[in-house]
Amino acid sequence: MADSRSNRSVRFQDFEVSLDFGELYKSGHRVKLSGQPMQVLTLLLDKAGQMVSREEIQKSLWPDTFVDVDHSLNAIVNRIREVLGDSAESPRFVETLPRRGYRFIAPVEHFPPANPDDLLELAPEHDTRPRRRSPGMLSIGLAVVVTVVALSAYWKYRRPPQNPRWLQLTSFADSATSPALSPDGRMLAFIRGPDTFVSSGQIYIKLLPDGQPFEITHDNLPKMAPVFSPDGTRVAYTGTDSHFGWNTWTVPVLGGAPHEALPNAAALTWIDREHVLFSEIKTGVQMAIVTATESRSDEREVYLPPTPAGMAHRSWLSPSGEWVLVAEMNGLGWRPCHLLSFNGGAADRTVGPPSGRCTYAGWSPDSQWMYFSANTEDGFHLWRQRFKGGAPEQMTFGPTEEEGVAVAADGRSLVTSVGMHEESVWLHDSKGDRRISFEGNAFLPGIGTVAGGARSVFSPDGTKLFYLRRKNEPHGFNTGELWVADLKSGKSEPMFPGIVMTVFDVSSDGKRVAFASLNGEGSSRVWMAALDRSAPPRELSATESDTPLFIHDDILLFRQKEAGTDFVYSLRPDDGSPRKLTTEPFPDFFQASPDGTWGVSGLAATARRMLGGPNIRICDFCEVGWGSHGKYFYLRLRDVGFGGNGKIFVFALPKGKSFPELPSKIESAEDFKSKQIFSVVDTNGIVAFAPGPDPSTYAYTRRNVQRNLFRIPLS
């Protein structure tokens, strides 16, 4: 009987796909593509040259489950294109038929399986009548046997050895992140939520290997970093609040009411049954690593970031008790992980990929290996490095990303979150909501992004929308090339191909764009460019600078470092050199009033007079910005994390005023009841919000995520 997993294959250019084994090869070498992307590629190849509708793909992938097809399917097709080296703009393989489906356009060759039961006319078990076989039939039979053996050898030896098999531990249609293993390895804790940093969602427990996940928290707190207590009876986790507080909560693994164990303590881990290690806000956003008892007695500072914007969010003590791995964030994003002595006396050094953004780390039980989740140039993947004398080694590859490191107590495996995410740009106007970007990951600078504050992303007549299309750069939260969408025709095109930006702002006359860009060392510079491309982009500062923002008469403001301190500089149109505007340091400037009188700093938003004077405290944790021509003021109350959620309140400004009448204390939507609110925008699921010509028109970034937890063997 022939093997039911026969070797049907399809060839196109340098690629070959084994349809029955679900494997892709390029020039004879295995290329990692599996799961839903491989299913979609197989569908397209089965109907090469024909359109495969989005509905047909939906029925194949998600027959009984509701998902956001637009987000999920576009992410899947983008992964296929990445692996094939294809392009949506100039497709060689997969062509998009807008709003209808996809078509595989390259010539293909189909190779049917060699099945002995099909080729041998009548085997003895199929025909019991005596039959004299001729020499010709014997020759045919022998040829068939030789063919089958040759094909088997071809497939066996042509394929490179398989990687160790990953064991899937969860099967959610949405997302599971932040894995943690109990000390005995029998339980897995995680957050069922979209973000790998701070996420909305609940803490779940799963009994390994085959237990059903069950929810043990039931609140609205954004969460981070679950961890088991040494006896395995509790899970500690970080919960954030509307005051930008980072607090440790504990909850029994068998269910019960959560208890706030330590305020101002994030990413707590146990050193032993009495002592813990955690992150603590010092001043502003600066976050240090400290150790103490569970009651916070005997507290000792282990590490303080050297800059006010440094946030040492997570730390992991080696099993030997001598060394600490730290994942740290600054104003531009995640830094490489670094290693320091728990008791002092040794120099801090970078570990893991030296140019990568590192978000998670962990240790082998013998303290001889360090493991990392880091993004160098192709998304987040797992890395490892010997503690003594080793270079970083990449462990995982391919279109999926892997974040989170939970090393098993026996050191033979780790658990991580594996999946994909997609960001897209949307427009809201009188016609409702519609998607603007359809290919690749795209996003906007705006209220909710790290750069903070509102930026001009529309042309003066409102017919064009500017946005960034992501590049996988090792530095920064968001980097991409500038694209422009014609809102009437629906067509998009790149403005300055090859120039990667972190944030931009369009002048009110629509002639120029100012932007910040990272150089090869990850240092930011501010540039100016003509939108008609009549002249090359011009660098405005030779030193560290960022946060470009146009104000009245298209004067450009930006932050620039001088002798290690940040000041606000200004540049008038057609001037040659910027000049210092503020005489006092302004380290966390990210937004300015349209008349240039006020600058706004910090997530605990404070308005400061540019030329000196008393400050105005706006809120403990919110983001603000001004709309077109300074007629409206936007204020967003949101949660910590990239998803944000919350609401945006829009106020009409009195003539000549930079601020509306605001409550003395702003903590929730109820504080605005007696005030004159022009409109309210629900920002659930919105990452960044950019005001348009009027409050009824705006653009925003939406993120779609699918992740599950996998156990990966360690050799």
# chains A, B, ... in the order shown; residues from 1 in each chain; ligands from 1

call {"tool": "closest_atom_pairs", "arguments": {"of": "segment 403-464 of chain A", "to": "segment 477-496 of chain A", "cutoff": "10 Å", "atoms": "only C-alpha atoms", "output": "JSON lines"}}
result
{"residue": "A:Leu427", "atom": "CA", "partner": "A:Leu487", "partner_atom": "CA", "distance": 9.1}
{"residue": "A:Arg435", "atom": "CA", "partner": "A:Gly490", "partner_atom": "CA", "distance": 9.7}
{"residue": "A:Ile436", "atom": "CA", "partner": "A:Ala485", "partner_atom": "CA", "distance": 7.2}
{"residue": "A:Ser437", "atom": "CA", "partner": "A:Ser492", "partner_atom": "CA", "distance": 7.9}
{"residue": "A:Phe438", "atom": "CA", "partner": "A:Ser492", "partner_atom": "CA", "distance": 9.5}
{"residue": "A:Asn441", "atom": "CA", "partner": "A:Gly480", "partner_atom": "CA", "distance": 9.0}
{"residue": "A:Ala442", "atom": "CA", "partner": "A:Gly480", "partner_atom": "CA", "distance": 7.9}
{"residue": "A:Phe443", "atom": "CA", "partner": "A:Asn478", "partner_atom": "CA", "distance": 8.1}
{"residue": "A:Leu444", "atom": "CA", "partner": "A:Asn478", "partner_atom": "CA", "distance": 9.1}
{"residue": "A:Pro445", "atom": "CA", "partner": "A:Asn478", "partner_atom": "CA", "distance": 8.8}
{"residue": "A:Thr449", "atom": "CA", "partner": "A:Asn478", "partner_atom": "CA", "distance": 8.5}
{"residue": "A:Val450", "atom": "CA", "partner": "A:Phe477", "partner_atom": "CA", "distance": 7.4}
{"residue": "A:Ala451", "atom": "CA", "partner": "A:Asn478", "partner_atom": "CA", "distance": 9.3}
{"residue": "A:Val457", "atom": "CA", "partner": "A:Val484", "partner_atom": "CA", "distance": 9.3}
{"residue": "A:Phe458", "atom": "CA", "partner": "A:Val484", "partner_atom": "CA", "distance": 9.3}
{"residue": "A:Ser459", "atom": "CA", "partner": "A:Val484", "partner_atom": "CA", "distance": 9.6}
{"residue": "A:Gly462", "atom": "CA", "partner": "A:Leu487", "partner_atom": "CA", "distance": 8.4}
{"residue": "A:Thr463", "atom": "CA", "partner": "A:Leu487", "partner_atom": "CA", "distance": 5.4}
{"residue": "A:Lys464", "atom": "CA", "partner": "A:Asp486", "partner_atom": "CA", "distance": 4.8}

call {"tool": "residues_around", "arguments": {"residues": "Lys580 of chain A", "least_positions_apart": "5", "cutoff": "8 Å", "atoms": "only C-alpha atoms", "output": "number ranges by chain"}}
result
A: 567-570

call {"tool": "residues_around", "arguments": {"residues": "Pro194 of chain A", "least_positions_apart": "2", "cutoff": "10 Å", "atoms": "only C-alpha atoms", "output": "JSON, numbers by chain"}}
result
{"A": [174, 175, 176, 177, 191, 192, 196, 197, 198, 199, 200, 201, 421, 642, 643, 703, 704, 705, 706, 707]}

call {"tool": "atom_distance", "arguments": {"atom1": "atom CA of Thr96 of chain A", "atom2": "atom CA of Val77 of chain A"}}
result
9.3 Å

call {"tool": "residues_around", "arguments": {"residues": "segment 613-630 of chain A", "least_positions_apart": "5", "cutoff": "6 Å", "atoms": "only C-alpha atoms", "output": "PyMOL selection string"}}
result
chain A and resi 242-244+453-454+594+603-608+635-637+666+691+693

call {"tool": "write_last_selection", "arguments": {"atoms": "C-alpha atoms", "output": "CSV table (one decimal), in the first residue's frame"}}
result
chain,number,residue,atom,x,y,z
A,242,SER,CA,-3.6,55.5,35.8
A,243,HIS,CA,-0.9,57.3,37.8
A,244,PHE,CA,1.9,55.5,35.9
A,453,GLY,CA,2.0,64.1,21.0
A,454,ALA,CA,0.1,65.0,17.9
A,594,PRO,CA,0.8,76.0,18.1
A,603,LEU,CA,3.7,61.0,30.5
A,604,ALA,CA,2.7,62.8,33.7
A,605,ALA,CA,2.0,65.7,31.3
A,606,THR,CA,3.3,69.0,32.5
A,607,ALA,CA,3.2,72.2,30.3
A,608,ARG,CA,6.2,74.4,30.6
A,635,LEU,CA,-6.2,64.7,25.6
A,636,ARG,CA,-5.9,60.9,25.8
A,637,LEU,CA,-6.3,58.9,29.0
A,666,ILE,CA,-7.6,64.3,36.0
A,691,PRO,CA,-5.7,64.5,14.5
A,693,PRO,CA,-8.3,68.9,9.7

call {"tool": "select_by_dssp", "arguments": {"residues": "segment 3-52 of chain A", "states": "alpha helix (DSSP H)", "output": "ChimeraX atom specification"}}
result
/A:35-46

call {"tool": "write_last_selection", "arguments": {"atoms": "N, CA, C and O atoms", "output": "JSON list (two decimals), in the first residue's frame"}}
result
[["chain", "number", "residue", "atom", "x", "y", "z"],
["A", 35, "GLY", "N", 2.66, 26.28, 9.21],
["A", 35, "GLY", "CA", 1.39, 26.77, 9.73],
["A", 35, "GLY", "C", 0.53, 27.42, 8.65],
["A", 35, "GLY", "O", 0.48, 26.99, 7.49],
["A", 36, "GLN", "N", -0.14, 28.51, 9.03],
["A", 36, "GLN", "CA", -1.08, 29.15, 8.13],
["A", 36, "GLN", "C", -0.43, 29.75, 6.89],
["A", 36, "GLN", "O", -1.00, 29.67, 5.80],
["A", 37, "PRO", "N", 0.77, 30.38, 6.97],
["A", 37, "PRO", "CA", 1.41, 30.85, 5.73],
["A", 37, "PRO", "C", 1.63, 29.72, 4.72],
["A", 37, "PRO", "O", 1.42, 29.90, 3.52],
["A", 38, "MET", "N", 2.05, 28.52, 5.19],
["A", 38, "MET", "CA", 2.24, 27.40, 4.27],
["A", 38, "MET", "C", 0.90, 26.93, 3.70],
["A", 38, "MET", "O", 0.80, 26.58, 2.52],
["A", 39, "GLN", "N", -0.17, 26.94, 4.53],
["A", 39, "GLN", "CA", -1.49, 26.56, 4.03],
["A", 39, "GLN", "C", -1.95, 27.49, 2.91],
["A", 39, "GLN", "O", -2.48, 27.04, 1.90],
["A", 40, "VAL", "N", -1.73, 28.79, 3.09],
["A", 40, "VAL", "CA", -2.15, 29.76, 2.07],
["A", 40, "VAL", "C", -1.31, 29.60, 0.81],
["A", 40, "VAL", "O", -1.84, 29.63, -0.32],
["A", 41, "LEU", "N", 0.01, 29.40, 0.95],
["A", 41, "LEU", "CA", 0.86, 29.20, -0.22],
["A", 41, "LEU", "C", 0.40, 27.95, -0.98],
["A", 41, "LEU", "O", 0.36, 27.95, -2.22],
["A", 42, "THR", "N", 0.05, 26.89, -0.28],
["A", 42, "THR", "CA", -0.41, 25.67, -0.92],
["A", 42, "THR", "C", -1.71, 25.92, -1.69],
["A", 42, "THR", "O", -1.89, 25.45, -2.83],
["A", 43, "LEU", "N", -2.63, 26.67, -1.09],
["A", 43, "LEU", "CA", -3.87, 27.02, -1.79],
["A", 43, "LEU", "C", -3.58, 27.78, -3.08],
["A", 43, "LEU", "O", -4.18, 27.51, -4.14],
["A", 44, "LEU", "N", -2.68, 28.74, -3.00],
["A", 44, "LEU", "CA", -2.35, 29.54, -4.19],
["A", 44, "LEU", "C", -1.70, 28.69, -5.27],
["A", 44, "LEU", "O", -1.97, 28.85, -6.47],
["A", 45, "LEU", "N", -0.80, 27.77, -4.86],
["A", 45, "LEU", "CA", -0.12, 26.92, -5.84],
["A", 45, "LEU", "C", -1.09, 25.93, -6.48],
["A", 45, "LEU", "O", -0.96, 25.60, -7.66],
["A", 46, "ASP", "N", -2.03, 25.41, -5.70],
["A", 46, "ASP", "CA", -3.01, 24.48, -6.25],
["A", 46, "ASP", "C", -3.85, 25.14, -7.35],
["A", 46, "ASP", "O", -4.38, 24.46, -8.23]]

call {"tool": "residues_around", "arguments": {"residues": "Ser18 of chain A", "least_positions_apart": "6", "cutoff": "8 Å", "atoms": "only C-alpha atoms", "output": "ChimeraX atom specification"}}
result
/A:7-10,24

call {"tool": "write_last_selection", "arguments": {"atoms": "all heavy atoms", "output": "PDB file, in the first residue's frame"}}
result
ATOM      1  N   ASN A   7       4.498  12.213  -2.245  1.00  0.00           N
ATOM      2  CA  ASN A   7       5.376  13.353  -2.473  1.00  0.00           C
ATOM      3  C   ASN A   7       4.950  14.187  -3.678  1.00  0.00           C
ATOM      4  O   ASN A   7       5.681  14.305  -4.656  1.00  0.00           O
ATOM      5  CB  ASN A   7       6.821  12.875  -2.664  1.00  0.00           C
ATOM      6  CG  ASN A   7       7.368  12.269  -1.400  1.00  0.00           C
ATOM      7  OD1 ASN A   7       7.051  12.735  -0.318  1.00  0.00           O
ATOM      8  ND2 ASN A   7       8.171  11.230  -1.543  1.00  0.00           N
ATOM      9  N   ARG A   8       3.753  14.764  -3.634  1.00  0.00           N
ATOM     10  CA  ARG A   8       3.395  15.739  -4.659  1.00  0.00           C
ATOM     11  C   ARG A   8       4.249  16.980  -4.450  1.00  0.00           C
ATOM     12  O   ARG A   8       4.401  17.449  -3.324  1.00  0.00           O
ATOM     13  CB  ARG A   8       1.928  16.126  -4.561  1.00  0.00           C
ATOM     14  CG  ARG A   8       0.943  15.035  -4.873  1.00  0.00           C
ATOM     15  CD  ARG A   8      -0.482  15.579  -4.828  1.00  0.00           C
ATOM     16  NE  ARG A   8      -0.753  16.212  -3.558  1.00  0.00           N
ATOM     17  CZ  ARG A   8      -1.405  17.360  -3.414  1.00  0.00           C
ATOM     18  NH1 ARG A   8      -1.819  18.028  -4.461  1.00  0.00           N
ATOM     19  NH2 ARG A   8      -1.644  17.854  -2.214  1.00  0.00           N
ATOM     20  N   SER A   9       4.779  17.510  -5.528  1.00  0.00           N
ATOM     21  CA  SER A   9       5.607  18.703  -5.387  1.00  0.00           C
ATOM     22  C   SER A   9       5.314  19.681  -6.517  1.00  0.00           C
ATOM     23  O   SER A   9       4.812  19.318  -7.576  1.00  0.00           O
ATOM     24  CB  SER A   9       7.100  18.346  -5.379  1.00  0.00           C
ATOM     25  OG  SER A   9       7.485  17.760  -6.609  1.00  0.00           O
ATOM     26  N   VAL A  10       5.624  20.950  -6.245  1.00  0.00           N
ATOM     27  CA  VAL A  10       5.450  22.031  -7.215  1.00  0.00           C
ATOM     28  C   VAL A  10       6.747  22.823  -7.259  1.00  0.00           C
ATOM     29  O   VAL A  10       7.318  23.157  -6.206  1.00  0.00           O
ATOM     30  CB  VAL A  10       4.285  22.966  -6.815  1.00  0.00           C
ATOM     31  CG1 VAL A  10       4.194  24.140  -7.771  1.00  0.00           C
ATOM     32  CG2 VAL A  10       2.970  22.210  -6.806  1.00  0.00           C
ATOM     33  N   LEU A  24       9.009  23.834   2.228  1.00  0.00           N
ATOM     34  CA  LEU A  24       9.473  24.727   1.168  1.00  0.00           C
ATOM     35  C   LEU A  24      10.987  24.659   1.082  1.00  0.00           C
ATOM     36  O   LEU A  24      11.677  24.687   2.115  1.00  0.00           O
ATOM     37  CB  LEU A  24       9.020  26.165   1.466  1.00  0.00           C
ATOM     38  CG  LEU A  24       9.548  27.270   0.547  1.00  0.00           C
ATOM     39  CD1 LEU A  24       9.006  27.117  -0.869  1.00  0.00           C
ATOM     40  CD2 LEU A  24       9.192  28.644   1.102  1.00  0.00           C
TER      41      LEU A  24
END

call {"tool": "residues_around", "arguments": {"residues": "segment 361-378 of chain A", "least_positions_apart": "5", "cutoff": "7 Å", "atoms": "only C-alpha atoms", "output": "list of chain:residue names"}}
result
A:Trp316, A:Ser318, A:Pro319, A:Ser320, A:Leu325, A:Gly352, A:Ser355, A:Gly356, A:Trp383, A:Arg384, A:Gln385, A:Arg386, A:Phe387, A:Glu402, A:Glu403, A:Gly404, A:Val405, A:Ala406, A:Val407, A:Ala409, A:Asp410, A:Gly411, A:Asn472, A:Glu473, A:Pro474

call {"tool": "atom_distance", "arguments": {"atom1": "atom CA of Ala391 of chain A", "atom2": "atom CA of Lys26 of chain A"}}
result
28.9 Å

call {"tool": "residues_around", "arguments": {"residues": "Glu294 of chain A", "least_positions_apart": "6", "cutoff": "9 Å", "atoms": "only C-alpha atoms", "output": "ChimeraX atom specification"}}
result
/A:261-262,270,273-276

call {"tool": "select_by_dssp", "arguments": {"residues": "segment 318-400 of chain A", "states": "strand (DSSP E or B)", "output": "NGL selection string"}}
result
:A and (323-330 or 333-334 or 338-341 or 349-350 or 357-363 or 369-375 or 380-386 or 393-394)

call {"tool": "write_last_selection", "arguments": {"atoms": "C-alpha atoms", "output": "mmCIF file, in the first residue's frame"}}
result
data_model
loop_
_atom_site.group_PDB
_atom_site.id
_atom_site.type_symbol
_atom_site.label_atom_id
_atom_site.label_comp_id
_atom_site.auth_asym_id
_atom_site.auth_seq_id
_atom_site.Cartn_x
_atom_site.Cartn_y
_atom_site.Cartn_z
ATOM 1 C CA TRP A 323 25.237 38.102 38.291
ATOM 2 C CA VAL A 324 22.183 39.977 37.036
ATOM 3 C CA LEU A 325 20.884 40.254 33.476
ATOM 4 C CA VAL A 326 18.983 43.498 32.786
ATOM 5 C CA ALA A 327 16.554 44.472 30.005
ATOM 6 C CA GLU A 328 16.459 48.271 29.853
ATOM 7 C CA MET A 329 14.569 50.901 27.880
ATOM 8 C CA ASN A 330 15.544 54.487 27.104
ATOM 9 C CA GLY A 333 13.309 52.050 22.821
ATOM 10 C CA TRP A 334 14.795 48.836 24.186
ATOM 11 C CA HIS A 338 23.531 43.891 29.799
ATOM 12 C CA LEU A 339 25.198 41.983 32.609
ATOM 13 C CA LEU A 340 26.272 43.342 35.976
ATOM 14 C CA SER A 341 27.450 42.056 39.324
ATOM 15 C CA ARG A 349 28.912 44.816 29.981
ATOM 16 C CA THR A 350 26.630 44.239 27.000
ATOM 17 C CA ARG A 357 16.723 45.414 21.166
ATOM 18 C CA CYS A 358 16.602 42.917 24.019
ATOM 19 C CA THR A 359 13.354 42.434 25.955
ATOM 20 C CA TYR A 360 13.751 39.127 27.846
ATOM 21 C CA ALA A 361 16.585 37.014 29.207
ATOM 22 C CA GLY A 362 17.174 33.908 31.299
ATOM 23 C CA TRP A 363 19.813 31.539 32.675
ATOM 24 C CA TRP A 369 24.411 29.852 29.446
ATOM 25 C CA MET A 370 22.441 33.070 28.978
ATOM 26 C CA TYR A 371 19.341 33.196 26.766
ATOM 27 C CA PHE A 372 17.786 36.286 25.157
ATOM 28 C CA SER A 373 14.832 37.517 23.100
ATOM 29 C CA ALA A 374 16.266 40.232 20.860
ATOM 30 C CA ASN A 375 15.533 42.030 17.603
ATOM 31 C CA PHE A 380 12.552 39.165 17.618
ATOM 32 C CA HIS A 381 14.277 35.791 17.855
ATOM 33 C CA LEU A 382 15.973 33.699 20.519
ATOM 34 C CA TRP A 383 19.713 33.954 21.123
ATOM 35 C CA ARG A 384 22.129 32.275 23.503
ATOM 36 C CA GLN A 385 25.622 33.035 24.764
ATOM 37 C CA ARG A 386 28.081 31.231 27.018
ATOM 38 C CA GLU A 393 24.484 32.689 18.766
ATOM 39 C CA GLN A 394 21.080 32.996 17.108
#

call {"tool": "atom_distance", "arguments": {"atom1": "atom CA of Pro573 of chain A", "atom2": "atom CA of Ala542 of chain A"}}
result
18.9 Å
